[in-house]
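Structure record follows, encoded as structure tokens.
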Amino acid sequence: MNFEVHRNWLAITHSLPVSKWYHESTSEWTLDYPPLFAWFEYGLSHVAQHFDKKMLVVQNLGYASPATVLFQRLSVIATDVVFIYAVRECCRSVREEKGSKDLLVRPYFILAALLLWNYGLLIVDHIHFQYNGFLCGILLLSVARHLQGRHLEGAFLFAVLLNLKHIYLYIAPAYGIFLLRSYCFTKDNTDGSVRWSSLSLVRLIALGSIVISVCALSFGPFIAMGQLPQVLSRLFPFKRGLCHAYWAPNIWALYNVVDKALSVLGLRLKLLANLPKASMTGGLVQEFQHSVLPSVSPSATLICTLVSILPAVLSIWRCPRGARGFLRCLVVCALCSFMFGWHVHEKAILMAILPLSVLAVESREDAGIFLMLATTGHYSLFPLLFTATEMPTKVLLILLFTLYSFTSLKKLFRGFLLNTLEVTYLLGLIAVEIICEVVYPLLPWKQTLPFVTLLAKSVYCSLGVSYSFIRLYLSILRPTDKPKEL
């Protein structure tokens with residue numbers, strides 16, 4: 001699916017005038033990323049034409065010649081240079097105490113391995129096919145610049161990222177509050193509160209100019225053509241339904257299964273009249289109404305997301321903890337959007353796992369949260385690779401990454417990072433996989449209820465992601481005596 005999405009976008013941007021990019025609808029996979037990503041596809045298309053010009057024909061739906069496949073795969077590999085450079089900069093920013101000279105247990109080496117060998121990116125980009133490495137590379141590079149005290153560069157990179165993919169709007173509050181509180185305000189009172197008179201107009205104007213300039217370059221041509229409403233309608237398609245087809249492991253997966261359980265129980269106890277068959281377990285991307293619990297609207301998910309983000313951003317306003325406090329807030333905001341957002345894709349968990357990797361090599365507590373979140377979140381990506389031939393690959397990759405994560409962080413912090421209950425939960429993932437892939441196909445329900453396995457994996461993973469989210473949120477709200485730092 002994603003392979004055809006990007007092939008179609010190459011064709012749209014190469015074959016049609018700019019004025020028609022966000023109107024073209026020959027394919028169901030219409031252009032729905034911000035304009036800067038459209039220009040990115042436009043640039044790639046000029047290289048693609050030297051491989052196979054037929055891939056750039058809008059009407060060639062589902063076109064996948066060997067040359068097209070080769071180009072698409074090479075384009076992901078080439079743009080991963082951005083991610084590799086970002087990892088290098090993050091590793092240079094890691095704090096570490098003088099100790100072991102063994103390279104394999106140095107924080108920067110472990111961080112490089114956790115990022116470059118990240119299981120989620122490997123399967124989503126290089127097997128499932130997308131450009132998440134390129135986008136996450138810009139995010140990590142922006143984070144690295146803030147850790148290095150180069151805040152205007154970090155702000156510029158995030159503005160670019162936001163105009164490449166609008167899902168990063170969810171972490172914009174962390175950037176906005178951090179830069180305003182710790183960059184535009186230059187001094188604190190003795191009690192740690194903000195000194196309002198220390199606001200630097202020069203810094204504020206410089207910061208605002210960067211953000212406005214990037215957005216103007218991205219959206220300016222479409223505003224000039226009077227197409228901003230059309231572009232926004234493509235960026236925010238609320239008709240796609242509350243949950244993605246594979247049910248990201250978040251609060252809505254738990255909400256859906258509770259509604260389903262209540263409806264079944266109500267019918268059996270004759271407390272409810274006959275209800276229409278629930279479409280939410282049909283494996284389709286569409287709107288549906290809950291049977292017993294109140295149905296959830298896009299505005300409700302937005303309110304839930306904003307409310308969940310608010311305490312996190314207020315914490316770094318009231319008690320700035322430097323760039324690492326900002327990074328922790330960023331991860332929390334990413335998880336808030338994952339837990340409560342509308343039509344969340346399971347791969348969005350990478351927006352939290354990758355930045356959390358930086359904190360995991362510096363803090364024992366964060367390392368434990370990382371192991372829980374990464375293991376559960378990565379396992380939730382299994383449905384993306386659903387063919388029998390892909391099974392050995394995805395199982396081997398996740399086992400190798402998970403084993404390395406546990407052993408390397410255990411050596412770094414000299415001890416176990418998870419308690420018995422947490423380990424038991426993670427071992428339960430193995431049981432879930434065996435039941436879903438080995439036992440359930442042998443049962444007669446496989447034909448009538450084919451999506452039960454997806455539901456089971458999503459609900460089980462929701463518990464682990466929710467637990468990690470709560471632990472991380474508590475850590476950011478915990479009082480600290482550490483002074484403000486940049």
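Note on naming: chains are A, B, ... as they come in the structure tokens, residues start from 1 per chain, ligands start from 1 in the order shown.
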
Exercise. What lies within 9 Å of segment 11-23 of chain A using only C-alpha atoms, ignoring chain neighbours under 2 positions off, as a list in words?
Worked result: His6, Arg7, Asn8, Trp9, Ser25, Thr30, Leu31, Asp32, Ala38, Trp39, Glu41, Tyr42, Gly43, Ser45, His46, Lys54, Met55, Leu56, Val57, Val58, Gln59, Asn60, Pro221, Phe222, Met225, Gln227, Gln230, Val231 and Arg234 of chain A

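Shortest separation to Ser475 of chain A among A:Asp52, A:Glu365, A:Glu422, A:Glu346 occurs at residue A:Glu365, atoms counted being only C-alpha atoms.
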
Exercise. Counting only C-alpha atoms, which of A:Ser218, A:Ser65, A:Ser295, A:Ser198 gets nearest to Phe3 of chain A?
Worked result: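 Nearest to Phe3 of chain A: A:Ser65.
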
Exercise. Could you pull the residues within 9 Å of segment 108-117 of chain A, counting only C-alpha atoms, minus those fewer than 4 positions along the same chain, as a list of chain:residue names?
Worked result: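 The filter keeps A:Phe83, A:Ile84, A:Val87, A:Arg88, A:Cys90, A:Cys91, A:Arg92, A:Ser93, A:Val94, A:Arg95, A:Glu96, A:Leu103, A:Leu104, A:Leu121, A:Leu122, A:Leu354, A:Ser357, A:Val358, A:Ala360, A:Val361, A:Phe401, A:Tyr404, A:Ser405, A:Ser408, A:Leu409, A:Leu412.
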
For this session: Select, from A:Val82, A:Val143, A:Ala352, A:Ile177, the residue with the minimum atom-to-atom distance to Pro320 of chain A, counting only C-alpha atoms.
Result: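 Selected residue with least distance to Pro320 of chain A: A:Ile177.
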
Problem set entry | Leu429 of chain A surroundings by only C-alpha atoms, 12 Å radius, close-in-sequence under 5 positions cut, as an MDAnalysis selection string | chainID A and resid 372 375:380 382 395 398:399 422:424 434:436 456:464

Problem set entry | Interatomic distance, atom CA of Leu356 of chain A to atom CA of Ile476 of chain A (Å, one decimal) | 12.9 Å

For this session: Please give the complete set of residues from segment 358-440 of chain A that DSSP, run on the backbone, assigns to alpha helix (DSSP H), formatted as number ranges by chain.
Result: A: 358-360, 364-379, 391-413, 420-434

For this session: Enumerate as a ChimeraX atom specification all residues of segment 43-259 of chain A assigned to strand (DSSP E or B) by DSSP on the backbone, naming them with the chain letters and numbers the document uses.
Result: /A:185,188,194,199,243

Write a file of the just-selected residues containing N, CA and C atoms, as a tab-separated table (two decimals), in the first residue's frame.
chain	number	residue	atom	x	y	z
A	185	PHE	N	13.09	33.89	27.40
A	185	PHE	CA	13.28	34.46	28.74
A	185	PHE	C	14.66	34.04	29.22
A	188	ASP	N	15.72	33.83	35.60
A	188	ASP	CA	14.67	33.38	36.53
A	188	ASP	C	14.76	34.19	37.82
A	194	VAL	N	9.63	32.45	36.39
A	194	VAL	CA	10.12	33.25	35.28
A	194	VAL	C	10.21	34.72	35.66
A	199	LEU	N	12.46	39.01	29.20
A	199	LEU	CA	12.10	38.60	27.85
A	199	LEU	C	12.96	39.33	26.83
A	243	CYS	N	-10.10	4.70	14.62
A	243	CYS	CA	-8.94	3.81	14.67
A	243	CYS	C	-8.50	3.40	13.28

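Atom CA of Leu164 of chain A is positioned 10.7 Å from atom CA of Val214 of chain A.
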
For this session: Point out the residue among A:Phe469, A:Ala64, A:Ala86, A:Trp196 with the least atom-to-atom distance to Leu157 of chain A, counting only C-alpha atoms.
Result: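 The answer is A:Ala86, which sits nearest to Leu157 of chain A.
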
Problem set entry | Among listed residues A:Pro355, A:Val257, A:Thr68, A:His126, nearest Leu141 of chain A (using only C-alpha atoms) | A:Pro355

Residue neighbourhood Pro479 of chain A, 12 Å, only C-alpha atoms, exclusion window fewer than 4 positions, as a PDB file with N, CA and C atoms, in the first residue's frame:
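Writing the result to around_22.pdb gives the following:
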ATOM      1  N   SER A 315       4.775  21.827  33.234  1.00  0.00           N
ATOM      2  CA  SER A 315       5.869  21.441  34.120  1.00  0.00           C
ATOM      3  C   SER A 315       7.196  22.045  33.667  1.00  0.00           C
ATOM      4  N   ILE A 316       7.433  22.112  32.357  1.00  0.00           N
ATOM      5  CA  ILE A 316       8.703  22.705  31.908  1.00  0.00           C
ATOM      6  C   ILE A 316       8.619  24.230  31.837  1.00  0.00           C
ATOM      7  N   ARG A 318       6.992  25.917  34.476  1.00  0.00           N
ATOM      8  CA  ARG A 318       7.169  26.260  35.883  1.00  0.00           C
ATOM      9  C   ARG A 318       8.544  25.887  36.405  1.00  0.00           C
ATOM     10  N   CYS A 319       9.056  24.771  35.915  1.00  0.00           N
ATOM     11  CA  CYS A 319      10.340  24.289  36.420  1.00  0.00           C
ATOM     12  C   CYS A 319      11.207  23.804  35.256  1.00  0.00           C
ATOM     13  N   PRO A 320      11.854  24.723  34.552  1.00  0.00           N
ATOM     14  CA  PRO A 320      12.693  24.335  33.408  1.00  0.00           C
ATOM     15  C   PRO A 320      13.804  23.381  33.845  1.00  0.00           C
ATOM     16  N   ARG A 321      14.001  22.353  33.090  1.00  0.00           N
ATOM     17  CA  ARG A 321      15.046  21.377  33.406  1.00  0.00           C
ATOM     18  C   ARG A 321      16.021  21.239  32.247  1.00  0.00           C
ATOM     19  N   GLY A 325      15.054  18.155  29.987  1.00  0.00           N
ATOM     20  CA  GLY A 325      13.675  18.283  30.436  1.00  0.00           C
ATOM     21  C   GLY A 325      12.750  18.482  29.243  1.00  0.00           C
ATOM     22  N   LEU A 474       4.739  10.403  35.092  1.00  0.00           N
ATOM     23  CA  LEU A 474       5.033  10.654  36.502  1.00  0.00           C
ATOM     24  C   LEU A 474       6.449  11.188  36.686  1.00  0.00           C
ATOM     25  N   SER A 475       7.367  10.721  35.857  1.00  0.00           N
ATOM     26  CA  SER A 475       8.761  11.176  35.980  1.00  0.00           C
ATOM     27  C   SER A 475       8.917  12.650  35.623  1.00  0.00           C
ATOM     28  N   PRO A 483      18.966  22.838  38.804  1.00  0.00           N
ATOM     29  CA  PRO A 483      18.821  24.179  38.285  1.00  0.00           C
ATOM     30  C   PRO A 483      18.541  24.188  36.783  1.00  0.00           C
TER      31      PRO A 483
END

Exercise. Which one of A:Leu385, A:Leu449, A:Val438, A:Ile309 sits closest to Ile123 of chain A if you count only C-alpha atoms?
Worked result: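 Result for the nearest residue to Ile123 of chain A: A:Leu385.
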
For this session: In Å, rounded to a single decimal, give me how far atom CA of Val202 of chain A is from atom CA of Leu180 of chain A.
Result: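 Between atom CA of Leu180 of chain A and atom CA of Val202 of chain A the gap is 12.2 Å.
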
Exercise. Could you pull the residues within 7 Å of segment 259-270 of chain A, counting only C-alpha atoms, minus those fewer than 2 positions along the same chain, as a list in words?
Worked result: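 Close residues of segment 259-270 of chain A: Tyr255, Asn256, Val257, Leu272, Ala273, Asn274, His290, Ser291, Val292 and Leu293 of chain A.
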
With all heavy atoms retained, write the just-selected residues as a PDB file, in the first residue's frame.
ATOM      1  N   TYR A 255     -10.864   1.114  24.756  1.00  0.00           N
ATOM      2  CA  TYR A 255     -12.234   1.632  24.750  1.00  0.00           C
ATOM      3  C   TYR A 255     -13.114   0.800  23.823  1.00  0.00           C
ATOM      4  O   TYR A 255     -14.247   0.424  24.179  1.00  0.00           O
ATOM      5  CB  TYR A 255     -12.199   3.095  24.290  1.00  0.00           C
ATOM      6  CG  TYR A 255     -13.497   3.849  24.435  1.00  0.00           C
ATOM      7  CD1 TYR A 255     -13.828   4.483  25.620  1.00  0.00           C
ATOM      8  CD2 TYR A 255     -14.387   3.958  23.362  1.00  0.00           C
ATOM      9  CE1 TYR A 255     -15.010   5.205  25.753  1.00  0.00           C
ATOM     10  CE2 TYR A 255     -15.571   4.682  23.481  1.00  0.00           C
ATOM     11  CZ  TYR A 255     -15.877   5.302  24.676  1.00  0.00           C
ATOM     12  OH  TYR A 255     -17.040   6.012  24.795  1.00  0.00           O
ATOM     13  N   ASN A 256     -12.590   0.483  22.650  1.00  0.00           N
ATOM     14  CA  ASN A 256     -13.351  -0.313  21.679  1.00  0.00           C
ATOM     15  C   ASN A 256     -13.672  -1.707  22.202  1.00  0.00           C
ATOM     16  O   ASN A 256     -14.787  -2.212  22.034  1.00  0.00           O
ATOM     17  CB  ASN A 256     -12.563  -0.441  20.370  1.00  0.00           C
ATOM     18  CG  ASN A 256     -12.523   0.853  19.592  1.00  0.00           C
ATOM     19  OD1 ASN A 256     -13.289   1.776  19.855  1.00  0.00           O
ATOM     20  ND2 ASN A 256     -11.620   0.932  18.636  1.00  0.00           N
ATOM     21  N   VAL A 257     -12.668  -2.344  22.822  1.00  0.00           N
ATOM     22  CA  VAL A 257     -12.892  -3.716  23.269  1.00  0.00           C
ATOM     23  C   VAL A 257     -13.841  -3.755  24.469  1.00  0.00           C
ATOM     24  O   VAL A 257     -14.616  -4.706  24.620  1.00  0.00           O
ATOM     25  CB  VAL A 257     -11.544  -4.409  23.579  1.00  0.00           C
ATOM     26  CG1 VAL A 257     -11.004  -4.024  24.950  1.00  0.00           C
ATOM     27  CG2 VAL A 257     -11.682  -5.923  23.481  1.00  0.00           C
ATOM     28  N   LEU A 272     -29.997  -5.574  26.468  1.00  0.00           N
ATOM     29  CA  LEU A 272     -29.978  -4.703  25.296  1.00  0.00           C
ATOM     30  C   LEU A 272     -30.788  -5.350  24.180  1.00  0.00           C
ATOM     31  O   LEU A 272     -30.847  -6.581  24.064  1.00  0.00           O
ATOM     32  CB  LEU A 272     -28.543  -4.469  24.816  1.00  0.00           C
ATOM     33  CG  LEU A 272     -27.588  -3.759  25.787  1.00  0.00           C
ATOM     34  CD1 LEU A 272     -26.177  -3.778  25.219  1.00  0.00           C
ATOM     35  CD2 LEU A 272     -28.039  -2.312  26.007  1.00  0.00           C
ATOM     36  N   ALA A 273     -31.376  -4.514  23.347  1.00  0.00           N
ATOM     37  CA  ALA A 273     -32.067  -5.018  22.159  1.00  0.00           C
ATOM     38  C   ALA A 273     -31.010  -5.410  21.130  1.00  0.00           C
ATOM     39  O   ALA A 273     -29.817  -5.166  21.304  1.00  0.00           O
ATOM     40  CB  ALA A 273     -32.992  -3.939  21.609  1.00  0.00           C
ATOM     41  N   ASN A 274     -31.436  -6.016  20.035  1.00  0.00           N
ATOM     42  CA  ASN A 274     -30.495  -6.396  18.981  1.00  0.00           C
ATOM     43  C   ASN A 274     -29.753  -5.167  18.482  1.00  0.00           C
ATOM     44  O   ASN A 274     -30.357  -4.127  18.199  1.00  0.00           O
ATOM     45  CB  ASN A 274     -31.236  -7.054  17.815  1.00  0.00           C
ATOM     46  CG  ASN A 274     -31.735  -8.433  18.190  1.00  0.00           C
ATOM     47  OD1 ASN A 274     -31.148  -9.104  19.037  1.00  0.00           O
ATOM     48  ND2 ASN A 274     -32.838  -8.858  17.586  1.00  0.00           N
ATOM     49  N   HIS A 290     -20.111   3.367  18.297  1.00  0.00           N
ATOM     50  CA  HIS A 290     -19.998   2.382  19.360  1.00  0.00           C
ATOM     51  C   HIS A 290     -21.387   1.902  19.758  1.00  0.00           C
ATOM     52  O   HIS A 290     -22.376   2.624  19.607  1.00  0.00           O
ATOM     53  CB  HIS A 290     -19.271   2.986  20.556  1.00  0.00           C
ATOM     54  CG  HIS A 290     -17.812   3.209  20.311  1.00  0.00           C
ATOM     55  ND1 HIS A 290     -17.318   4.374  19.763  1.00  0.00           N
ATOM     56  CD2 HIS A 290     -16.737   2.405  20.528  1.00  0.00           C
ATOM     57  CE1 HIS A 290     -16.006   4.290  19.655  1.00  0.00           C
ATOM     58  NE2 HIS A 290     -15.623   3.105  20.112  1.00  0.00           N
ATOM     59  N   SER A 291     -21.456   0.695  20.259  1.00  0.00           N
ATOM     60  CA  SER A 291     -22.750   0.064  20.571  1.00  0.00           C
ATOM     61  C   SER A 291     -23.297   0.492  21.931  1.00  0.00           C
ATOM     62  O   SER A 291     -24.494   0.744  22.083  1.00  0.00           O
ATOM     63  CB  SER A 291     -22.612  -1.460  20.526  1.00  0.00           C
ATOM     64  OG  SER A 291     -22.186  -1.883  19.253  1.00  0.00           O
ATOM     65  N   VAL A 292     -22.434   0.558  22.939  1.00  0.00           N
ATOM     66  CA  VAL A 292     -22.882   0.855  24.303  1.00  0.00           C
ATOM     67  C   VAL A 292     -22.263   2.156  24.810  1.00  0.00           C
ATOM     68  O   VAL A 292     -22.979   3.055  25.267  1.00  0.00           O
ATOM     69  CB  VAL A 292     -22.521  -0.302  25.259  1.00  0.00           C
ATOM     70  CG1 VAL A 292     -22.959   0.029  26.682  1.00  0.00           C
ATOM     71  CG2 VAL A 292     -23.161  -1.607  24.783  1.00  0.00           C
ATOM     72  N   LEU A 293     -20.963   2.257  24.741  1.00  0.00           N
ATOM     73  CA  LEU A 293     -20.280   3.465  25.185  1.00  0.00           C
ATOM     74  C   LEU A 293     -20.514   4.609  24.204  1.00  0.00           C
ATOM     75  O   LEU A 293     -20.823   4.373  23.032  1.00  0.00           O
ATOM     76  CB  LEU A 293     -18.781   3.195  25.316  1.00  0.00           C
ATOM     77  CG  LEU A 293     -18.367   2.127  26.338  1.00  0.00           C
ATOM     78  CD1 LEU A 293     -16.856   1.929  26.304  1.00  0.00           C
ATOM     79  CD2 LEU A 293     -18.827   2.502  27.732  1.00  0.00           C
TER      80      LEU A 293
END
